[in-house]
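The file final00.cif contains mmCIF, C-alpha atoms and all ligand atoms:
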```cif
data_target
loop_
_atom_site.label_atom_id
_atom_site.label_comp_id
_atom_site.auth_asym_id
_atom_site.auth_seq_id
_atom_site.Cartn_x
_atom_site.Cartn_y
_atom_site.Cartn_z
CA MET K 26 -17.01 11.64 11.13
CA SER K 27 -15.34 13.77 13.81
CA ASP K 28 -16.84 11.28 16.28
CA LEU K 29 -14.98 8.39 14.70
CA LYS K 30 -11.76 10.38 14.65
CA GLU K 31 -12.21 11.12 18.37
CA GLN K 32 -12.55 7.41 19.10
CA ILE K 33 -9.07 6.66 17.75
CA ASP K 34 -6.38 6.17 20.40
CA LYS K 35 -3.76 8.63 19.17
CA ASN K 36 -1.00 6.74 20.98
CA ARG K 37 -1.66 3.53 19.06
CA ILE K 38 -1.98 4.66 15.46
CA PRO K 39 -0.55 2.01 13.12
CA ARG K 40 2.72 3.36 11.75
CA HIS K 41 2.19 1.63 8.44
CA ILE K 42 -1.13 0.87 6.73
CA ALA K 43 -1.27 -1.06 3.45
CA ILE K 44 -4.37 -1.05 1.26
CA ILE K 45 -5.52 -3.26 -1.62
CA MET K 46 -7.74 -0.77 -3.43
CA ASP K 47 -10.24 -3.13 -5.03
CA GLY K 48 -13.66 -2.79 -6.64
CA ASN K 49 -13.34 0.11 -9.09
CA GLY K 50 -14.58 -1.98 -12.03
CA ARG K 51 -17.60 -3.41 -10.20
CA TRP K 52 -18.48 0.01 -8.79
CA ALA K 53 -18.58 1.47 -12.32
CA LYS K 54 -20.47 -1.47 -13.80
CA GLU K 55 -23.13 -1.27 -11.08
CA LYS K 56 -23.69 2.34 -12.09
CA GLY K 57 -23.83 1.52 -15.79
CA HIS K 58 -20.43 3.01 -16.57
CA ASP K 59 -17.23 1.85 -18.17
CA ARG K 60 -14.59 0.29 -15.86
CA LEU K 61 -12.25 3.24 -16.44
CA TYR K 62 -14.81 5.56 -14.89
CA GLY K 63 -14.43 3.52 -11.72
CA HIS K 64 -10.68 4.01 -11.77
CA TYR K 65 -11.13 7.77 -12.19
CA GLN K 66 -13.47 7.86 -9.20
CA GLY K 67 -10.97 5.70 -7.30
CA VAL K 68 -8.49 8.58 -7.50
CA GLU K 69 -10.89 10.67 -5.38
CA SER K 70 -10.67 8.01 -2.69
CA VAL K 71 -6.87 8.00 -2.90
CA ARG K 72 -6.85 11.75 -2.36
CA ASN K 73 -9.24 11.51 0.57
CA ILE K 74 -7.44 8.59 2.24
CA VAL K 75 -3.99 10.15 1.87
CA GLU K 76 -5.36 13.27 3.56
CA GLY K 77 -7.12 11.23 6.26
CA ALA K 78 -4.01 9.18 7.01
CA ALA K 79 -1.80 12.28 7.18
CA GLU K 80 -4.27 14.02 9.53
CA ILE K 81 -3.97 11.35 12.22
CA GLY K 82 -0.22 10.88 11.89
CA VAL K 83 0.15 7.60 9.97
CA GLU K 84 3.81 7.45 8.90
CA TYR K 85 3.58 5.04 5.94
CA LEU K 86 0.69 4.38 3.61
CA THR K 87 1.20 1.73 0.92
CA LEU K 88 -1.40 1.61 -1.84
CA TYR K 89 -1.63 -1.35 -4.22
CA ALA K 90 -2.39 0.48 -7.44
CA PHE K 91 -1.38 -1.99 -10.17
CA SER K 92 -0.24 -5.60 -9.88
CA THR K 93 2.09 -7.61 -12.10
CA GLU K 94 -0.96 -9.68 -13.04
CA ASN K 95 -2.93 -6.55 -14.00
CA TRP K 96 -0.74 -6.27 -17.13
CA ASP K 97 -2.89 -9.12 -18.49
CA ARG K 98 -6.08 -7.02 -18.46
CA PRO K 99 -7.60 -5.78 -21.74
CA GLU K 100 -5.28 -3.33 -23.43
CA TYR K 101 -7.65 -0.36 -23.29
CA GLU K 102 -7.87 -0.70 -19.50
CA VAL K 103 -4.09 -0.98 -19.06
CA VAL K 104 -3.47 2.04 -21.31
CA GLY K 105 -6.22 3.99 -19.53
CA LEU K 106 -4.76 3.19 -16.11
CA MET K 107 -1.26 4.30 -17.17
CA GLU K 108 -2.64 7.60 -18.48
CA LEU K 109 -4.60 8.11 -15.29
CA LEU K 110 -1.46 7.49 -13.26
CA VAL K 111 0.65 9.99 -15.18
CA ASN K 112 -2.05 12.68 -15.14
CA THR K 113 -2.84 12.18 -11.47
CA ILE K 114 0.76 12.41 -10.33
CA ARG K 115 1.30 15.56 -12.36
CA LYS K 116 -1.88 17.15 -11.08
CA GLU K 117 -1.38 16.18 -7.44
CA MET K 118 2.25 17.24 -7.15
CA PRO K 119 1.49 20.69 -5.62
CA VAL K 120 -0.79 19.02 -3.05
CA LEU K 121 1.91 16.50 -2.12
CA GLN K 122 4.41 19.31 -1.71
CA LYS K 123 2.04 21.48 0.30
CA ASN K 124 1.29 18.59 2.66
CA ASN K 125 4.94 17.55 3.01
CA ILE K 126 4.23 14.07 1.58
CA ARG K 127 7.10 11.97 0.29
CA MET K 128 6.34 9.57 -2.53
CA HIS K 129 7.97 6.17 -2.99
CA VAL K 130 7.38 3.45 -5.57
CA ILE K 131 7.78 -0.30 -5.24
CA GLY K 132 7.44 -2.63 -8.22
CA ASN K 133 8.91 -3.45 -11.58
CA ILE K 134 8.52 -0.01 -13.07
CA LYS K 135 10.73 -0.93 -16.03
CA MET K 136 7.60 -2.54 -17.43
CA MET K 137 5.79 0.82 -17.45
CA PRO K 138 5.68 3.11 -20.49
CA GLU K 139 8.69 5.43 -20.73
CA HIS K 140 6.76 8.64 -19.99
CA ALA K 141 5.14 7.08 -16.91
CA GLN K 142 8.58 6.05 -15.62
CA GLN K 143 9.82 9.60 -16.12
CA GLU K 144 6.82 11.08 -14.34
CA LEU K 145 7.39 8.75 -11.40
CA LYS K 146 11.11 9.54 -11.20
CA ASP K 147 10.35 13.27 -11.19
CA ALA K 148 7.78 12.82 -8.43
CA LEU K 149 10.23 10.83 -6.31
CA ASP K 150 12.94 13.47 -6.77
CA GLU K 151 10.63 16.41 -6.15
CA THR K 152 9.25 14.99 -2.91
CA ALA K 153 12.50 13.42 -1.66
CA ALA K 154 13.10 16.07 1.02
CA ASN K 155 9.56 15.94 2.44
CA THR K 156 9.30 14.65 5.99
CA GLY K 157 5.57 13.99 6.48
CA LEU K 158 3.56 10.96 5.37
CA ASN K 159 5.45 8.41 3.25
CA LEU K 160 3.13 7.45 0.41
CA VAL K 161 4.29 4.17 -1.13
CA LEU K 162 2.73 3.27 -4.47
CA ALA K 163 2.89 -0.41 -5.40
CA LEU K 164 2.97 -0.31 -9.18
CA SER K 165 3.62 -3.24 -11.46
CA TYR K 166 4.23 -4.94 -8.12
CA SER K 167 3.80 -8.49 -6.96
CA SER K 168 5.33 -10.22 -3.99
CA ARG K 169 6.51 -13.21 -5.99
CA TRP K 170 8.33 -10.85 -8.38
CA GLU K 171 9.89 -9.04 -5.42
CA LEU K 172 11.00 -12.24 -3.68
CA THR K 173 12.43 -13.66 -6.91
CA GLU K 174 14.45 -10.45 -7.42
CA ALA K 175 15.68 -10.63 -3.84
CA VAL K 176 16.82 -14.24 -4.27
CA LYS K 177 18.63 -13.36 -7.52
CA ASN K 178 20.43 -10.45 -5.88
CA ILE K 179 21.38 -12.48 -2.82
CA ALA K 180 22.75 -15.21 -5.13
CA LEU K 181 24.81 -12.58 -6.99
CA ALA K 182 26.20 -11.19 -3.72
CA VAL K 183 27.23 -14.70 -2.69
CA LYS K 184 28.78 -15.39 -6.11
CA ASP K 185 30.74 -12.12 -5.96
CA GLY K 186 32.02 -12.97 -2.51
CA HIS K 187 30.20 -10.14 -0.68
CA LEU K 188 27.96 -12.44 1.29
CA ASN K 189 28.53 -15.71 3.09
CA PRO K 190 25.52 -18.11 2.91
CA SER K 191 25.89 -18.94 6.59
CA ASP K 192 25.53 -15.22 7.42
CA ILE K 193 22.13 -14.95 5.74
CA THR K 194 19.46 -14.08 8.30
CA GLN K 195 15.89 -12.79 8.14
CA ASP K 196 17.39 -9.30 8.27
CA THR K 197 19.47 -10.04 5.17
CA LEU K 198 16.39 -11.05 3.23
CA GLN K 199 14.54 -7.99 4.50
CA GLN K 200 17.38 -5.79 3.22
CA TYR K 201 16.92 -7.17 -0.30
CA LEU K 202 13.18 -6.42 -0.47
CA THR K 203 11.85 -3.29 -2.16
CA THR K 204 10.41 -2.28 1.22
CA HIS K 205 13.76 -2.37 3.07
CA ASN K 206 13.37 1.26 4.18
CA PHE K 207 9.87 0.82 5.61
CA PRO K 208 8.56 -0.90 8.73
CA ASP K 209 6.21 -3.85 8.10
CA PRO K 210 2.53 -2.87 7.79
CA GLU K 211 0.58 -3.36 11.01
CA LEU K 212 -2.79 -3.09 9.28
CA MET K 213 -3.78 -4.33 5.83
CA ILE K 214 -7.13 -3.25 4.41
CA ARG K 215 -8.82 -4.75 1.36
CA THR K 216 -11.96 -3.20 -0.05
CA SER K 217 -14.79 -4.67 -2.10
CA GLY K 218 -15.44 -7.97 -0.36
CA GLU K 219 -12.60 -10.17 -1.58
CA HIS K 220 -10.83 -12.10 1.17
CA ARG K 221 -7.44 -12.64 -0.41
CA ILE K 222 -3.95 -11.15 -0.57
CA SER K 223 -3.50 -11.31 -4.38
CA ASN K 224 0.31 -11.36 -4.33
CA PHE K 225 0.67 -8.25 -2.13
CA LEU K 226 3.52 -7.95 0.44
CA LEU K 227 3.42 -11.67 1.30
CA TYR K 228 6.55 -11.51 3.45
CA GLN K 229 5.88 -8.12 5.05
CA LEU K 230 2.29 -8.93 6.09
CA ALA K 231 3.35 -11.89 8.26
CA TYR K 232 1.95 -10.27 11.43
CA ALA K 233 -0.31 -7.59 9.98
CA GLU K 234 -3.91 -7.39 11.14
CA LEU K 235 -6.17 -7.98 8.14
CA TYR K 236 -9.31 -5.94 7.66
CA PHE K 237 -11.83 -6.64 4.93
CA THR K 238 -14.75 -4.43 4.00
CA ASN K 239 -17.47 -4.78 1.37
CA THR K 240 -17.18 -1.08 0.52
CA ARG K 241 -15.98 -0.60 -3.03
CA TRP K 242 -12.81 1.48 -3.34
CA PRO K 243 -14.52 4.53 -4.96
CA ASP K 244 -16.82 4.71 -1.90
CA PHE K 245 -14.01 4.31 0.65
CA ARG K 246 -13.44 7.54 2.58
CA LYS K 247 -11.67 8.82 5.70
CA GLU K 248 -14.51 7.53 7.91
CA SER K 249 -14.02 4.05 6.48
CA LEU K 250 -10.29 4.29 7.21
CA TYR K 251 -10.98 5.44 10.77
CA GLU K 252 -13.41 2.54 11.28
CA ALA K 253 -10.67 0.14 10.21
CA ILE K 254 -8.19 1.73 12.62
CA ILE K 255 -10.65 1.53 15.51
CA ASP K 256 -11.22 -2.16 14.70
CA PHE K 257 -7.43 -2.66 14.60
CA GLN K 258 -7.03 -0.99 18.00
CA GLY K 259 -9.52 -3.43 19.53
CA ARG K 260 -7.45 -6.45 18.60
CA GLU K 261 -4.82 -8.21 20.70
CA ARG K 262 -1.62 -8.70 18.73
CA ARG K 263 0.10 -11.65 20.38
CA PHE K 264 3.00 -12.39 17.99
CA GLY K 265 2.92 -16.05 19.04
CA LYS K 266 2.86 -15.36 22.77
CA ILE K 267 -0.06 -15.77 25.16
CA SER K 268 -2.32 -13.06 26.48
CA GLU K 269 -0.96 -13.17 30.08
CA GLN K 270 2.59 -12.53 28.85
CA LEU K 271 1.46 -9.42 27.01
CA GLN K 272 -0.32 -8.16 30.11
CA SER K 273 2.70 -8.60 32.35
CA GLU K 274 4.94 -6.97 29.73
CA ALA K 275 2.57 -3.99 29.66
CA GLU K 276 2.71 -3.74 33.48
CA VAL K 277 6.53 -3.63 33.45
CA GLN K 278 6.49 -0.70 31.03
C1 LIG K 301 -8.92 -2.20 -8.38
O1 LIG K 301 -10.18 -2.30 -8.93
C2 LIG K 301 -7.96 -1.38 -9.21
C3 LIG K 301 -6.96 -2.16 -9.95
C4 LIG K 301 -6.75 -3.44 -9.84
C5 LIG K 301 -6.15 -1.43 -10.91
P1 LIG K 301 -10.53 -3.42 -10.00
O2 LIG K 301 -10.23 -2.89 -11.35
O3 LIG K 301 -9.85 -4.70 -9.66
O4 LIG K 301 -12.10 -3.55 -9.80
P2 LIG K 301 -12.93 -4.89 -9.76
O5 LIG K 301 -12.31 -5.78 -8.74
O6 LIG K 301 -12.89 -5.47 -11.14
O7 LIG K 301 -14.31 -4.45 -9.36
C1 LIG K 302 -5.44 -6.60 -6.63
O1 LIG K 302 -6.70 -6.49 -7.20
C2 LIG K 302 -4.48 -5.63 -7.25
C3 LIG K 302 -4.76 -4.23 -7.03
C4 LIG K 302 -5.69 -3.71 -6.28
C5 LIG K 302 -3.87 -3.33 -7.71
P1 LIG K 302 -7.18 -7.46 -8.37
O2 LIG K 302 -8.57 -7.09 -8.65
O3 LIG K 302 -6.23 -7.42 -9.49
O4 LIG K 302 -7.09 -8.89 -7.66
P2 LIG K 302 -7.86 -10.25 -7.94
O5 LIG K 302 -7.68 -10.54 -9.39
O6 LIG K 302 -9.30 -10.02 -7.60
O7 LIG K 302 -7.22 -11.24 -7.03
MG MG K 303 -10.37 -6.31 -8.54
#
```
How does the structure come out when it is put into structure tokens?
Amino acid sequence: MSDLKEQIDKNRIPRHIAIIMDGNGRWAKEKGHDRLYGHYQGVESVRNIVEGAAEIGVEYLTLYAFSTENWDRPEYEVVGLMELLVNTIRKEMPVLQKNNIRMHVIGNIKMMPEHAQQELKDALDETAANTGLNLVLALSYSSRWELTEAVKNIALAVKDGHLNPSDITQDTLQQYLTTHNFPDPELMIRTSGEHRISNFLLYQLAYAELYFTNTRWPDFRKESLYEAIIDFQGRERRFGKISEQLQSEAEVQ
């Protein structure tokens, strides 16, 4: 593992990594367990990845923990996931504090049970002054929900006379997203073999490098994260330009 960590170019660590943590259910089923057992084991991976990201100086880590569409899962699973969330946040709070981690939440948390909302609010308040890793939990989140909210709020600002339609730019839209305080992710990882975005950060991932691995989330560990970062560092991010332009820009610097 230390070998992999050594291979990472410390000057080119992605500032923001976003992860679709997928495969808990299949992992559990393959081992003859209930799906919820997979979610419980998934928390171990969260702990390990948060630590691994903080160790190498990632500034923002966004974890897709529960989607808008996940509300349609069987009730026992939804209830179990909410309980797991509340218990985990409560239990992990001293660790977040000790490691100077600031927690953020994006998503429609009004849909969450009252006690879960309260737990989240407390966690946001308690970690608000921390200056290390920004841990962004996407909860009850979907991009289409987020974009619809943004459009509604822009329309209201126009109606109230605070915003002129001809002044709307990409920056305006960005300001109305739940992620307005965060840079766009440079690297998006999805575990467990699915090659899709599933309504996650559709706008923000426009130029992210996508990395897919067959590893199920409960088996994903620091080494797996470091492998993804090394893969990311081997890619040429052209942003619509051509390779020669990037090379001459690098020479100027
Ligand atoms: C990801 O694992 C966690 C959540 C969506 C809450 P899944 O529960 O989607 O696991 P699979 O994809 O069914 O294996
Ligand atoms: C995406 O996983 C959402 C989260 C990881 C929270 P899903 O398992 O819900 O996505 P699909 O249904 O396979 O697209
Ligand atoms: Mg899944």
To test the calculation: enclose all listed atoms of segment 188-193 of chain K in a box whose edges run along x, y and z, add 6 Å on each side, then state centre and edge lengths in Å to one decimal, as AutoDock Vina command-line options.
```
--center_x 25.3 --center_y -15.7 --center_z 4.4 --size_x 18.4 --size_y 18.5 --size_z 18.1
```
May I have the residues within 7 Å of ligand LIG 302 (chain K), computed using all atoms listed in the file, as a VMD selection string? chain K and resid 45 to 48 89 to 92 94 to 95 219 221 223
Test item: residues at most 12 Å from Ile222 of chain K, all atoms listed in the file, excluding those fewer than 6 positions along its chain, as a PyMOL selection string: chain K and resi 43-47+89+92+167-169+213-216+228-231+233+235-237
Atoms kept (C-alpha atoms) for selection, written as a tab-separated table (two decimals), in the frame of the given file:
```tsv
chain	number	residue	atom	x	y	z
K	43	ALA	CA	-1.27	-1.06	3.45
K	44	ILE	CA	-4.37	-1.05	1.26
K	45	ILE	CA	-5.52	-3.26	-1.62
K	46	MET	CA	-7.74	-0.77	-3.43
K	47	ASP	CA	-10.24	-3.13	-5.03
K	89	TYR	CA	-1.63	-1.35	-4.22
K	92	SER	CA	-0.24	-5.60	-9.88
K	167	SER	CA	3.80	-8.49	-6.96
K	168	SER	CA	5.33	-10.22	-3.99
K	169	ARG	CA	6.51	-13.21	-5.99
K	213	MET	CA	-3.78	-4.33	5.83
K	214	ILE	CA	-7.13	-3.25	4.41
K	215	ARG	CA	-8.82	-4.75	1.36
K	216	THR	CA	-11.96	-3.20	-0.05
K	228	TYR	CA	6.55	-11.51	3.45
K	229	GLN	CA	5.88	-8.12	5.05
K	230	LEU	CA	2.29	-8.93	6.09
K	231	ALA	CA	3.35	-11.89	8.26
K	233	ALA	CA	-0.31	-7.59	9.98
K	235	LEU	CA	-6.17	-7.98	8.14
K	236	TYR	CA	-9.31	-5.94	7.66
K	237	PHE	CA	-11.83	-6.64	4.93
```
Calculated over all atoms listed in the file, which of the candidates K:Ile38, K:Arg115, K:Gly63, K:Asn155 has the smallest distance to ligand MG 303 (chain K)?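 Selected residue with least distance to ligand MG 303 (chain K): K:Gly63.
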Which is closer to ligand MG 303 (chain K) than all the others in K:Val111, K:Val161, K:Arg98, K:Glu55, using only C-alpha atoms and all ligand atoms? K:Arg98
Hey, what's within 10 Å of Asn49 of chain K if we count all atoms listed in the file and toss same-chain stuff fewer than 5 positions away? As a ChimeraX atom specification, please? /K:54,60-68,216-217,241-244
At a cut-off of 12 Å, using only C-alpha atoms, what residues contact Gln142 of chain K? Leave out same-chain residues fewer than 4 positions from it and give the result as a PyMOL selection string. chain K and resi 107-108+110-111+114+130+132-138+146-149+164-165
To one decimal in Å, tell me the separation between atom CA of Val75 of chain K and atom O7 of ligand LIG 301 (chain K). 21.1 Å
Skip Val176 of chain K itself and residues of its chain fewer than 3 positions away, then list as a short mmCIF file (atom, residue, chain, number, x, y, z; two decimals) with C-alpha atoms, in the frame of the given file all residues within 12 Å of it, counting only C-alpha atoms.
```
data_model
loop_
_atom_site.label_atom_id
_atom_site.label_comp_id
_atom_site.auth_asym_id
_atom_site.auth_seq_id
_atom_site.Cartn_x
_atom_site.Cartn_y
_atom_site.Cartn_z
CA ARG K 169 6.51 -13.21 -5.99
CA TRP K 170 8.33 -10.85 -8.38
CA GLU K 171 9.89 -9.04 -5.42
CA LEU K 172 11.00 -12.24 -3.68
CA THR K 173 12.43 -13.66 -6.91
CA ILE K 179 21.38 -12.48 -2.82
CA ALA K 180 22.75 -15.21 -5.13
CA LEU K 181 24.81 -12.58 -6.99
CA ALA K 182 26.20 -11.19 -3.72
CA VAL K 183 27.23 -14.70 -2.69
CA PRO K 190 25.52 -18.11 2.91
CA ILE K 193 22.13 -14.95 5.74
CA THR K 197 19.47 -10.04 5.17
CA LEU K 198 16.39 -11.05 3.23
CA GLN K 199 14.54 -7.99 4.50
CA GLN K 200 17.38 -5.79 3.22
CA TYR K 201 16.92 -7.17 -0.30
CA LEU K 202 13.18 -6.42 -0.47
#
```
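In this model, the gap between atom CA of Leu29 of chain K and atom CA of Leu212 of chain K comes to 17.6 Å.
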Can you tell me which residues surround Gln32 of chain K at a distance of at most 12 Å, considering all atoms listed in the file, apart from same-chain residues fewer than 4 positions away, and format the answer as an NGL selection string? :K and (26-28 or 36-38 or 81 or 248 or 251-256 or 258-259)
Write out, as a PDB file, in the frame of the given file, the residues just selected, with C-alpha atoms.
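The result, stored in again08.pdb:
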```pdb
ATOM      1  CA  MET K  26     -17.010  11.640  11.130  1.00  0.00           C
ATOM      2  CA  SER K  27     -15.340  13.770  13.810  1.00  0.00           C
ATOM      3  CA  ASP K  28     -16.840  11.280  16.280  1.00  0.00           C
ATOM      4  CA  ASN K  36      -1.000   6.740  20.980  1.00  0.00           C
ATOM      5  CA  ARG K  37      -1.660   3.530  19.060  1.00  0.00           C
ATOM      6  CA  ILE K  38      -1.980   4.660  15.460  1.00  0.00           C
ATOM      7  CA  ILE K  81      -3.970  11.350  12.220  1.00  0.00           C
ATOM      8  CA  GLU K 248     -14.510   7.530   7.910  1.00  0.00           C
ATOM      9  CA  TYR K 251     -10.980   5.440  10.770  1.00  0.00           C
ATOM     10  CA  GLU K 252     -13.410   2.540  11.280  1.00  0.00           C
ATOM     11  CA  ALA K 253     -10.670   0.140  10.210  1.00  0.00           C
ATOM     12  CA  ILE K 254      -8.190   1.730  12.620  1.00  0.00           C
ATOM     13  CA  ILE K 255     -10.650   1.530  15.510  1.00  0.00           C
ATOM     14  CA  ASP K 256     -11.220  -2.160  14.700  1.00  0.00           C
ATOM     15  CA  GLN K 258      -7.030  -0.990  18.000  1.00  0.00           C
ATOM     16  CA  GLY K 259      -9.520  -3.430  19.530  1.00  0.00           C
TER      17      GLY K 259
END
```
Of the candidates K:Glu102, K:Asp185, K:Glu84, K:Asp150, which one gets nearest to ligand LIG 301 (chain K) if we count only C-alpha atoms and all ligand atoms? K:Glu102
Rank K:Tyr85, K:His41, K:His220, K:Lys266 by their smallest atom-to-atom distance to ligand MG 303 (chain K), using only C-alpha atoms and all ligand atoms, and report the top residue only. K:His220
